[in-house]
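Text of the file model-v4.cif, holding mmCIF, C-alpha atoms and all ligand atoms:
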```cif
data_model
#
loop_
_atom_site.label_atom_id
_atom_site.label_comp_id
_atom_site.auth_asym_id
_atom_site.auth_seq_id
_atom_site.Cartn_x
_atom_site.Cartn_y
_atom_site.Cartn_z
CA MET B 21 117.42 63.47 85.54
CA LYS B 22 116.19 66.75 87.03
CA LYS B 23 112.94 66.69 89.02
CA ILE B 24 110.43 69.50 89.23
CA SER B 25 107.92 69.38 92.07
CA ILE B 26 104.38 70.56 91.53
CA GLY B 27 101.42 70.93 93.89
CA LEU B 28 97.74 70.73 93.04
CA ILE B 29 95.03 72.62 94.91
CA GLY B 30 91.57 71.25 94.07
CA LEU B 31 90.94 67.60 93.31
CA GLY B 32 87.61 67.98 91.54
CA ASN B 33 86.85 66.88 88.02
CA ILE B 34 89.65 68.78 86.29
CA GLY B 35 92.15 68.21 89.11
CA THR B 36 91.49 64.48 88.85
CA GLY B 37 92.03 64.75 85.09
CA VAL B 38 95.41 66.39 85.66
CA VAL B 39 96.53 63.56 87.96
CA LYS B 40 95.22 61.01 85.49
CA LEU B 41 96.96 62.62 82.53
CA LEU B 42 100.28 62.69 84.37
CA GLN B 43 99.87 59.00 85.20
CA GLN B 44 98.75 58.13 81.67
CA ASN B 45 101.41 60.05 79.73
CA GLU B 46 104.24 60.36 82.23
CA LYS B 47 106.85 58.82 79.90
CA LEU B 48 105.92 61.07 77.00
CA ILE B 49 105.80 64.18 79.23
CA THR B 50 109.21 63.36 80.72
CA GLN B 51 110.68 62.88 77.24
CA LYS B 52 109.29 66.16 75.96
CA LEU B 53 110.31 68.11 79.05
CA GLY B 54 113.66 66.46 79.57
CA ALA B 55 112.90 66.36 83.28
CA ARG B 56 110.54 64.54 85.65
CA LEU B 57 107.43 66.24 86.95
CA VAL B 58 106.72 65.08 90.47
CA LEU B 59 103.25 65.70 91.86
CA LYS B 60 104.32 66.23 95.43
CA LYS B 61 101.08 67.26 97.14
CA ILE B 62 97.37 67.52 96.44
CA ALA B 63 95.14 69.69 98.61
CA ASP B 64 91.37 69.46 98.77
CA ILE B 65 88.78 69.92 101.52
CA ASN B 66 87.52 66.45 100.66
CA ILE B 67 90.30 63.88 100.59
CA THR B 68 88.19 60.80 101.18
CA SER B 69 85.72 60.52 98.27
CA PRO B 70 86.89 58.12 95.57
CA ARG B 71 87.95 59.82 92.31
CA GLY B 72 88.31 56.67 90.21
CA ILE B 73 92.12 56.89 90.07
CA LYS B 74 94.95 55.54 92.18
CA ILE B 75 96.49 58.22 94.37
CA ASP B 76 99.12 57.65 97.04
CA ARG B 77 97.29 58.78 100.20
CA SER B 78 100.44 60.37 101.61
CA LEU B 79 100.19 63.04 98.88
CA LEU B 80 96.80 64.24 100.10
CA THR B 81 96.31 67.14 102.48
CA LYS B 82 93.39 69.30 103.54
CA ASP B 83 95.63 72.32 103.96
CA ALA B 84 96.57 74.27 100.81
CA ARG B 85 99.36 75.95 102.79
CA ASP B 86 101.23 72.62 102.81
CA ILE B 87 101.70 73.38 99.12
CA LEU B 88 101.99 77.16 99.20
CA ASN B 89 104.71 77.06 101.88
CA ASP B 90 106.68 74.11 100.53
CA PRO B 91 109.97 75.54 99.18
CA ASP B 92 110.50 72.45 97.04
CA ILE B 93 107.32 73.07 95.02
CA SER B 94 107.92 75.45 92.15
CA ILE B 95 104.57 75.24 90.33
CA VAL B 96 101.15 75.54 91.99
CA ILE B 97 98.11 74.37 90.05
CA GLU B 98 94.94 76.06 91.28
CA LEU B 99 91.86 74.10 90.20
CA MET B 100 89.49 74.77 93.06
CA GLY B 101 87.47 77.43 91.19
CA GLY B 102 85.44 80.27 92.70
CA TYR B 103 86.71 83.66 93.83
CA GLU B 104 87.94 82.99 97.37
CA PRO B 105 90.06 81.47 98.73
CA ALA B 106 91.36 80.84 95.18
CA ARG B 107 92.46 84.47 94.79
CA THR B 108 94.26 84.46 98.15
CA PHE B 109 96.01 81.16 97.40
CA VAL B 110 97.14 82.35 93.97
CA LEU B 111 98.50 85.61 95.41
CA GLU B 112 100.30 83.68 98.16
CA ALA B 113 101.82 81.29 95.64
CA ILE B 114 103.04 84.29 93.65
CA GLN B 115 104.48 85.98 96.74
CA ASN B 116 106.27 82.74 97.56
CA GLY B 117 107.91 82.82 94.12
CA LYS B 118 105.95 79.96 92.59
CA HIS B 119 104.62 79.81 89.06
CA VAL B 120 100.85 79.38 88.96
CA VAL B 121 98.63 77.46 86.59
CA THR B 122 94.90 78.03 86.84
CA ALA B 123 91.67 77.35 84.97
CA ASN B 124 89.77 79.90 87.03
CA LYS B 125 88.23 82.38 84.59
CA ALA B 126 85.90 83.98 87.14
CA MET B 127 88.86 84.81 89.37
CA LEU B 128 91.07 86.05 86.52
CA ALA B 129 88.32 88.12 84.88
CA THR B 130 87.56 89.74 88.23
CA TYR B 131 90.98 89.99 89.89
CA GLY B 132 93.33 89.78 86.89
CA ASN B 133 94.33 93.41 87.33
CA GLU B 134 95.67 92.48 90.77
CA ILE B 135 97.06 89.02 90.01
CA PHE B 136 98.99 89.64 86.79
CA PRO B 137 100.95 92.73 87.91
CA ALA B 138 101.80 90.92 91.17
CA ALA B 139 103.16 87.96 89.19
CA GLN B 140 105.20 90.14 86.85
CA HIS B 141 106.58 92.05 89.82
CA ARG B 142 107.58 88.82 91.60
CA GLY B 143 109.06 87.35 88.40
CA VAL B 144 106.78 84.33 88.09
CA ASP B 145 104.42 83.17 85.37
CA VAL B 146 100.68 82.57 85.52
CA GLY B 147 99.35 80.09 82.95
CA PHE B 148 95.63 80.12 82.21
CA GLU B 149 95.13 78.27 78.93
CA ALA B 150 92.36 76.14 80.49
CA SER B 151 90.36 79.17 81.62
CA VAL B 152 88.92 79.84 78.16
CA GLY B 153 87.72 77.32 75.61
CA GLY B 154 88.75 74.22 77.59
CA THR B 155 91.18 72.31 75.44
CA ILE B 156 91.34 74.90 72.62
CA PRO B 157 94.69 76.75 72.54
CA ILE B 158 93.12 80.20 72.25
CA ILE B 159 95.40 81.82 74.84
CA LYS B 160 98.59 80.64 73.13
CA THR B 161 97.15 81.56 69.75
CA LEU B 162 96.57 85.15 70.87
CA LYS B 163 99.73 85.54 72.93
CA GLU B 164 102.13 83.79 70.61
CA ALA B 165 100.92 82.50 67.24
CA LEU B 166 99.12 85.71 66.18
CA VAL B 167 101.32 88.06 68.19
CA ALA B 168 102.24 90.25 65.22
CA ASN B 169 98.65 90.74 64.09
CA LYS B 170 96.15 93.45 64.71
CA ILE B 171 93.11 91.38 65.69
CA ASN B 172 90.32 92.86 63.59
CA SER B 173 87.74 90.57 65.09
CA ILE B 174 87.37 87.71 67.49
CA VAL B 175 84.08 85.90 67.68
CA GLY B 176 83.56 82.88 69.88
CA ILE B 177 81.19 80.26 71.13
CA MET B 178 82.64 80.03 74.61
CA ASN B 179 80.02 78.21 76.63
CA GLY B 180 79.28 74.55 76.01
CA THR B 181 76.14 74.51 78.13
CA CYS B 182 74.47 77.26 76.08
CA ASN B 183 75.63 75.73 72.84
CA PHE B 184 74.30 72.33 73.85
CA ILE B 185 70.90 73.82 74.73
CA LEU B 186 70.64 75.90 71.54
CA THR B 187 71.70 72.94 69.40
CA LYS B 188 69.04 70.69 70.91
CA MET B 189 66.39 73.40 70.61
CA THR B 190 67.32 73.82 66.94
CA ASP B 191 67.53 70.15 66.04
CA GLU B 192 64.54 68.94 68.05
CA GLY B 193 62.29 72.02 68.08
CA LYS B 194 61.88 71.77 71.85
CA PRO B 195 61.39 74.73 74.21
CA PHE B 196 64.18 76.13 76.36
CA ASP B 197 62.95 74.80 79.73
CA VAL B 198 62.56 71.23 78.47
CA VAL B 199 66.01 71.22 76.90
CA LEU B 200 67.62 72.79 79.97
CA LYS B 201 66.21 69.96 82.10
CA GLU B 202 67.54 67.38 79.61
CA ALA B 203 70.95 69.07 79.65
CA GLN B 204 70.99 68.91 83.45
CA ASP B 205 70.02 65.24 83.44
CA LEU B 206 72.86 64.51 80.99
CA GLY B 207 75.38 66.47 83.06
CA PHE B 208 75.82 69.20 80.42
CA ALA B 209 74.29 71.87 82.67
CA GLU B 210 74.81 72.57 86.35
CA ALA B 211 72.00 72.17 88.91
CA ASP B 212 72.15 75.98 89.17
CA PRO B 213 72.76 76.91 85.54
CA THR B 214 72.61 80.71 86.02
CA PHE B 215 76.30 81.40 85.32
CA ASP B 216 76.10 79.59 82.01
CA ILE B 217 72.66 80.44 80.63
CA GLU B 218 72.78 84.09 81.62
CA GLY B 219 76.09 84.44 79.76
CA ILE B 220 78.15 85.29 82.87
CA ASP B 221 80.64 82.49 82.21
CA THR B 222 81.01 83.72 78.62
CA SER B 223 81.63 87.28 79.83
CA HIS B 224 84.47 86.08 82.10
CA LYS B 225 86.08 84.28 79.17
CA MET B 226 85.51 87.25 76.85
CA ALA B 227 87.17 89.64 79.30
CA ILE B 228 90.27 87.41 79.34
CA VAL B 229 90.36 87.01 75.58
CA LEU B 230 89.92 90.74 74.91
CA SER B 231 92.73 91.65 77.28
CA LEU B 232 95.09 89.36 75.33
CA ALA B 233 93.88 90.33 71.87
CA TYR B 234 94.28 94.05 72.56
CA GLY B 235 96.86 94.14 75.37
CA LYS B 236 94.46 96.22 77.46
CA LYS B 237 92.75 96.03 80.83
CA VAL B 238 89.10 95.10 80.52
CA ASN B 239 86.33 96.01 82.91
CA LEU B 240 84.15 92.93 82.88
CA LYS B 241 81.02 94.89 83.77
CA LYS B 242 81.30 97.03 80.65
CA ILE B 243 80.91 94.12 78.23
CA TYR B 244 77.33 94.06 76.92
CA LEU B 245 75.66 90.84 78.02
CA GLU B 246 72.48 88.95 77.20
CA GLY B 247 72.01 85.25 77.96
CA ILE B 248 69.90 82.66 76.14
CA THR B 249 66.92 82.33 78.48
CA LYS B 250 64.58 84.32 76.25
CA ILE B 251 65.22 82.32 73.11
CA SER B 252 62.07 80.48 72.07
CA ALA B 253 61.45 77.54 69.78
CA LEU B 254 59.43 79.93 67.58
CA ASP B 255 62.42 82.25 67.01
CA ILE B 256 64.61 79.27 66.24
CA ALA B 257 62.08 78.11 63.66
CA PHE B 258 61.92 81.58 62.05
CA ALA B 259 65.72 81.74 62.07
CA LYS B 260 65.80 78.45 60.13
CA GLU B 261 63.30 79.80 57.61
CA LEU B 262 65.54 82.85 57.10
CA GLY B 263 68.65 80.67 56.62
CA TYR B 264 70.16 81.32 60.04
CA ARG B 265 71.06 79.45 63.21
CA ILE B 266 71.05 81.07 66.63
CA LYS B 267 74.25 80.89 68.72
CA LEU B 268 75.35 82.63 71.87
CA LEU B 269 78.25 84.59 70.42
CA ALA B 270 80.87 86.67 72.16
CA ILE B 271 81.79 89.30 69.59
CA GLY B 272 84.86 91.51 69.74
CA MET B 273 85.54 93.89 66.85
CA LEU B 274 88.25 96.45 66.50
CA LYS B 275 86.85 99.83 65.41
CA GLY B 276 89.75 102.26 65.07
CA GLU B 277 91.29 102.49 68.54
CA ALA B 278 88.12 101.27 70.28
CA VAL B 279 86.58 97.83 70.55
CA GLU B 280 83.01 96.66 70.20
CA ALA B 281 82.45 93.93 72.81
CA ARG B 282 79.11 92.21 73.18
CA ILE B 283 77.66 88.86 74.12
CA HIS B 284 74.19 87.94 72.98
CA PRO B 285 72.20 85.33 71.07
CA THR B 286 73.01 85.96 67.43
CA MET B 287 71.64 84.77 64.11
CA ILE B 288 74.39 83.64 61.79
CA GLU B 289 74.14 82.15 58.31
CA SER B 290 73.56 78.43 58.61
CA GLU B 291 76.54 77.76 56.30
CA HIS B 292 79.03 79.61 58.53
CA LEU B 293 81.58 77.49 60.40
CA LEU B 294 80.38 78.91 63.72
CA ALA B 295 76.79 77.94 62.93
CA ASN B 296 77.97 74.36 62.62
CA VAL B 297 79.69 74.20 65.99
CA ASN B 298 77.17 72.07 67.81
CA ARG B 299 76.40 70.37 71.10
CA ASN B 300 78.87 71.21 73.88
CA TYR B 301 81.71 72.25 71.55
CA ASN B 302 83.39 75.67 71.64
CA ALA B 303 85.00 77.59 68.78
CA PHE B 304 86.79 80.83 67.98
CA HIS B 305 86.81 82.69 64.68
CA LEU B 306 89.55 85.30 64.59
CA VAL B 307 90.62 87.64 61.85
CA GLY B 308 94.11 89.04 62.06
CA ASP B 309 95.24 91.78 59.68
CA ALA B 310 98.10 89.63 58.42
CA SER B 311 96.82 86.12 59.13
CA GLY B 312 93.31 86.54 57.75
CA PRO B 313 90.72 84.19 59.24
CA VAL B 314 91.74 81.57 61.78
CA PHE B 315 89.29 79.04 63.17
CA LEU B 316 89.80 77.04 66.36
CA PHE B 317 87.42 74.30 67.46
CA GLY B 318 87.31 71.82 70.31
CA GLN B 319 85.86 70.76 73.61
CA GLY B 320 85.31 73.70 75.89
CA ALA B 321 84.98 71.64 79.05
CA GLY B 322 85.37 68.11 80.39
CA MET B 323 87.95 66.35 82.50
CA MET B 324 90.62 65.25 80.03
CA PRO B 325 90.25 68.02 77.39
CA THR B 326 90.67 70.65 80.12
CA ALA B 327 93.50 68.72 81.78
CA SER B 328 95.28 68.80 78.41
CA ALA B 329 95.21 72.63 78.47
CA VAL B 330 96.32 72.73 82.11
CA PHE B 331 99.31 70.59 81.16
CA SER B 332 100.32 72.90 78.36
CA ASP B 333 100.84 75.57 81.04
CA ILE B 334 102.46 73.21 83.54
CA ILE B 335 105.05 72.26 80.95
CA ASP B 336 105.65 75.89 79.96
CA CYS B 337 106.27 76.72 83.62
CA ALA B 338 108.45 73.65 84.08
CA ARG B 339 110.55 74.77 81.10
CA ASN B 340 110.94 78.14 82.83
CA VAL B 341 112.13 76.36 85.95
CA LEU B 342 114.65 74.35 83.95
CA HIS B 343 116.02 77.48 82.32
CA GLY B 344 115.75 79.68 85.41
CA ILE B 345 113.62 82.24 83.57
CA SER B 346 110.15 83.76 83.65
CA GLY B 347 108.19 86.35 81.72
CA ARG B 348 109.48 85.20 78.32
CA VAL B 349 105.93 85.68 77.06
CA PRO B 350 104.24 88.61 78.83
CA LEU B 351 101.34 87.38 80.93
CA ARG B 352 98.71 89.34 79.04
CA SER B 353 100.58 89.88 75.77
CA ILE B 354 102.28 93.12 76.78
CA ASN B 355 104.27 94.36 79.76
CA GLU B 356 101.85 94.84 82.67
CA THR B 357 103.19 98.30 83.40
CA GLY B 358 102.24 99.48 79.90
CA MET B 359 98.66 98.19 80.01
CA LYS B 360 96.00 100.82 79.43
CA ASP B 361 92.23 100.49 79.88
CA ILE B 362 90.36 99.22 76.86
CA ARG B 363 88.01 101.68 75.18
CA LEU B 364 84.71 99.88 74.58
CA ILE B 365 82.11 101.29 72.21
CA PRO B 366 78.80 101.93 74.01
CA MET B 367 76.12 99.46 72.97
CA ASP B 368 73.87 102.33 71.82
CA ASP B 369 76.41 103.15 69.11
CA ILE B 370 76.87 99.71 67.56
CA GLU B 371 75.44 99.04 64.12
CA THR B 372 74.22 95.66 63.02
CA LYS B 373 71.30 93.91 61.36
CA TYR B 374 68.28 92.91 63.41
CA TYR B 375 65.50 90.33 63.60
CA PHE B 376 62.27 91.50 65.24
CA ARG B 377 59.30 89.33 66.15
CA PHE B 378 56.23 91.39 66.88
CA SER B 379 53.21 89.90 68.53
CA VAL B 380 50.29 91.79 67.05
CA LEU B 381 46.59 91.70 66.40
CA ASP B 382 45.93 90.77 62.77
CA ARG B 383 44.14 93.94 61.67
CA PRO B 384 44.35 96.26 58.67
CA GLY B 385 47.07 98.91 58.98
CA VAL B 386 49.19 97.19 61.67
CA LEU B 387 52.11 96.51 59.36
CA SER B 388 52.21 100.09 58.12
CA LYS B 389 52.08 101.48 61.66
CA ILE B 390 55.10 99.38 62.63
CA SER B 391 57.08 99.98 59.48
CA GLY B 392 56.28 103.71 59.73
CA ILE B 393 57.88 103.93 63.16
CA LEU B 394 60.88 101.90 62.01
CA GLY B 395 61.31 104.15 58.96
CA ARG B 396 61.17 107.30 61.07
CA HIS B 397 64.07 105.87 63.11
CA ASN B 398 66.26 105.17 60.06
CA ILE B 399 65.63 101.44 60.19
CA SER B 400 65.32 99.92 56.75
CA LEU B 401 63.53 96.58 56.32
CA ALA B 402 65.09 93.65 54.48
CA THR B 403 62.40 90.95 54.87
CA VAL B 404 58.91 90.63 56.33
CA ILE B 405 57.17 87.35 57.19
CA GLN B 406 53.59 87.07 58.28
CA LYS B 407 51.77 83.76 58.45
CA ALA B 408 48.04 83.58 57.90
CA ARG B 409 46.05 83.64 61.11
CA GLU B 410 45.10 80.15 62.36
CA GLU B 411 43.24 81.06 65.52
CA ALA B 412 41.99 84.14 67.32
CA GLY B 413 44.55 86.20 69.21
CA PRO B 414 47.89 87.80 68.37
CA VAL B 415 49.99 86.61 65.42
CA PRO B 416 53.74 86.87 64.97
CA ILE B 417 55.12 89.25 62.37
CA VAL B 418 58.82 88.83 61.71
CA MET B 419 61.00 91.51 60.17
CA THR B 420 64.71 91.62 59.46
CA THR B 421 66.54 94.86 58.84
CA TYR B 422 69.57 96.21 57.05
CA LYS B 423 72.24 97.67 59.30
CA ALA B 424 70.78 99.99 61.90
CA ARG B 425 72.01 101.75 65.02
CA GLU B 426 71.17 100.06 68.31
CA LYS B 427 69.96 103.33 69.87
CA ASP B 428 67.51 103.90 67.01
CA VAL B 429 66.28 100.33 67.33
CA ARG B 430 65.63 100.63 71.05
CA GLU B 431 63.79 103.92 70.64
CA ALA B 432 61.66 102.59 67.79
CA LEU B 433 60.77 99.41 69.69
CA LYS B 434 59.81 101.38 72.77
CA LYS B 435 57.25 103.23 70.63
CA ILE B 436 56.07 100.11 68.82
CA ASP B 437 55.58 98.18 72.06
CA ARG B 438 53.27 100.95 73.26
CA LEU B 439 50.87 100.52 70.29
CA ASP B 440 47.55 99.00 71.38
CA VAL B 441 47.73 96.38 68.60
CA VAL B 442 51.04 95.07 69.96
CA LYS B 443 50.29 92.44 72.55
CA ASP B 444 53.69 91.37 73.86
CA LYS B 445 57.21 92.73 74.19
CA THR B 446 58.92 92.55 70.81
CA VAL B 447 61.66 89.95 70.52
CA ILE B 448 64.93 91.30 69.15
CA ILE B 449 67.84 89.16 68.00
CA ARG B 450 70.89 90.62 66.31
CA ILE B 451 72.02 89.20 62.97
CA GLU B 452 75.68 88.93 62.01
CA ASP B 453 76.06 87.79 58.41
CA GLU B 454 79.41 89.41 57.61
CA LEU B 455 81.63 87.45 60.00
N1 LIG B 501 80.47 75.83 82.23
C1 LIG B 501 81.32 75.98 81.09
C2 LIG B 501 80.56 75.64 79.85
C3 LIG B 501 82.51 75.08 81.11
O1 LIG B 501 79.39 75.23 79.89
O2 LIG B 501 81.14 75.81 78.79
C4 LIG B 501 83.64 75.58 81.91
O3 LIG B 501 84.15 76.76 81.38
#
```
Would you mind writing the file's structure down as structure tokens?
Ligand code: HSE
Amino acid sequence: MKKISIGLIGLGNIGTGVVKLLQQNEKLITQKLGARLVLKKIADINITSPRGIKIDRSLLTKDARDILNDPDISIVIELMGGYEPARTFVLEAIQNGKHVVTANKAMLATYGNEIFPAAQHRGVDVGFEASVGGTIPIIKTLKEALVANKINSIVGIMNGTCNFILTKMTDEGKPFDVVLKEAQDLGFAEADPTFDIEGIDTSHKMAIVLSLAYGKKVNLKKIYLEGITKISALDIAFAKELGYRIKLLAIGMLKGEAVEARIHPTMIESEHLLANVNRNYNAFHLVGDASGPVFLFGQGAGMMPTASAVFSDIIDCARNVLHGISGRVPLRSINETGMKDIRLIPMDDIETKYYFRFSVLDRPGVLSKISGILGRHNISLATVIQKAREEAGPVPIVMTTYKAREKDVREALKKIDRLDVVKDKTVIIRIEDEL
């Protein structure tokens, strides 16, 4: 039986999962591939800490170049994460004619426009199923299953940490800081959670997904981004009262030739499938022009779920090796040489519904002052909630709107926040109830 040698760079959580999965399902993998996958070398800067699995010590090396320069290894699995030296190693693997499998969304979102053309030019494949949505086959769905569709919209919950925090805040009514601490204690949030809670991780994933959905190059920095740090228990409670749940959504919508791309906390109807994706789960709701709605759900992180996605790419690459081919499926859905820049709609020009929470003094005429300014900016009100005052000091007034233009909303709120009866910056959360 033919053998295919693979090398793994990065023996962290996911890397360990990959080794474990090969050990656990080796017979099944061999049967499906019709060849044996041999894990020839594993590189990591730490080769002494126990990982809870049996690994032949002779496979371990501290030098990634033992893998990159080994002519017998035809597939390199990069699971070290971070920008450098991951980028350099991936480019070297490509130059050395090796297929690459990676879960590194930060690297791909930032350096994809360098890595993918290099791979196409060298005639090797780069698999990255595990970079977005953990175990969920979103990359294959976009590149292969829905290939003949115009993707009218793609909306995702792409960060398990944020979803875990928002779920707990919703179900237990606790404030953000308390829940973040609990999530850290449970291992669902990193010690430095910035990448997750500020939405940066989601923006990396969104950049990758958009490039596949539209076959275009995406400038990560142009995707509108708001994290979840300003979401309060009070807004979650009002959302419930209005029949919504708050989720950190990455929203991509095709508008003619341009695309609306934004990431922000969003109120969605509590009945919607996405509203019921809870805890650390991820999900994608896509609408293709031929397929109609497609919903994908699963674990967006974790050792074995992510290792499952890594293996889907390893086996694809191994099949290439067996058949002596590459590039059967273009790396980012279309030939790299034909890739244009995506045209993103400026945030000022998007139109959606809004939730506002004003913090105001409870005095006669306040409501009419606020609604007057909104009206003069073409913002039409759908609902208004004001609770009776319980103590001295500002009270919340909540309003939801019909569809309005973001630019008008910002200008109106700037004026409202300057009123002397308004005591705090107005909270704004976008509502999407037509997904
Ligand atoms: N940190 C990510 C999350 C998992 O919380 O979803 C890896 O992409």
Distance query Arg56 of chain B at most 7 Å, all atoms listed in the file, self and fewer than 2 positions along chain excluded, as a ChimeraX atom specification:
/B:21-24,50,58
From B:Ile243, B:Val415, B:Ala123, B:Ala402, residue lying nearest ligand LIG 501 (chain B) [only C-alpha atoms and all ligand atoms]
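The closest residue to ligand LIG 501 (chain B) is B:Ala123.
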Neighbouring residues of ligand LIG 501 (chain B) are defined here as those with any atom at most 7 Å from a ligand atom, counting only C-alpha atoms and all ligand atoms; list them as number ranges by chain.
B: 151-154, 178-182, 209, 216, 221, 320-321
Can I get the selection written as a JSON list (two decimals), keeping the file's coordinate frame, with C-alpha atoms?
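For reference, part.json as written:
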```json
[["chain", "number", "residue", "atom", "x", "y", "z"],
["B", 151, "SER", "CA", 90.36, 79.17, 81.62],
["B", 152, "VAL", "CA", 88.92, 79.84, 78.16],
["B", 153, "GLY", "CA", 87.72, 77.32, 75.61],
["B", 154, "GLY", "CA", 88.75, 74.22, 77.59],
["B", 178, "MET", "CA", 82.64, 80.03, 74.61],
["B", 179, "ASN", "CA", 80.02, 78.21, 76.63],
["B", 180, "GLY", "CA", 79.28, 74.55, 76.01],
["B", 181, "THR", "CA", 76.14, 74.51, 78.13],
["B", 182, "CYS", "CA", 74.47, 77.26, 76.08],
["B", 209, "ALA", "CA", 74.29, 71.87, 82.67],
["B", 216, "ASP", "CA", 76.10, 79.59, 82.01],
["B", 221, "ASP", "CA", 80.64, 82.49, 82.21],
["B", 320, "GLY", "CA", 85.31, 73.70, 75.89],
["B", 321, "ALA", "CA", 84.98, 71.64, 79.05]]
```
Pick out the residues sitting within 7 Å of Phe378 of chain B, and hand them over as a ChimeraX atom specification; count all atoms listed in the file, and ignore anything fewer than 6 positions along from it in its own chain.
/B:416-418,446-447
Would you compute the distance between atom CA of Tyr374 of chain B and atom CA of Lys407 of chain B? Give it in Å to one decimal.
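Calculated distance between atom CA of Tyr374 of chain B and atom CA of Lys407 of chain B is 19.5 Å.
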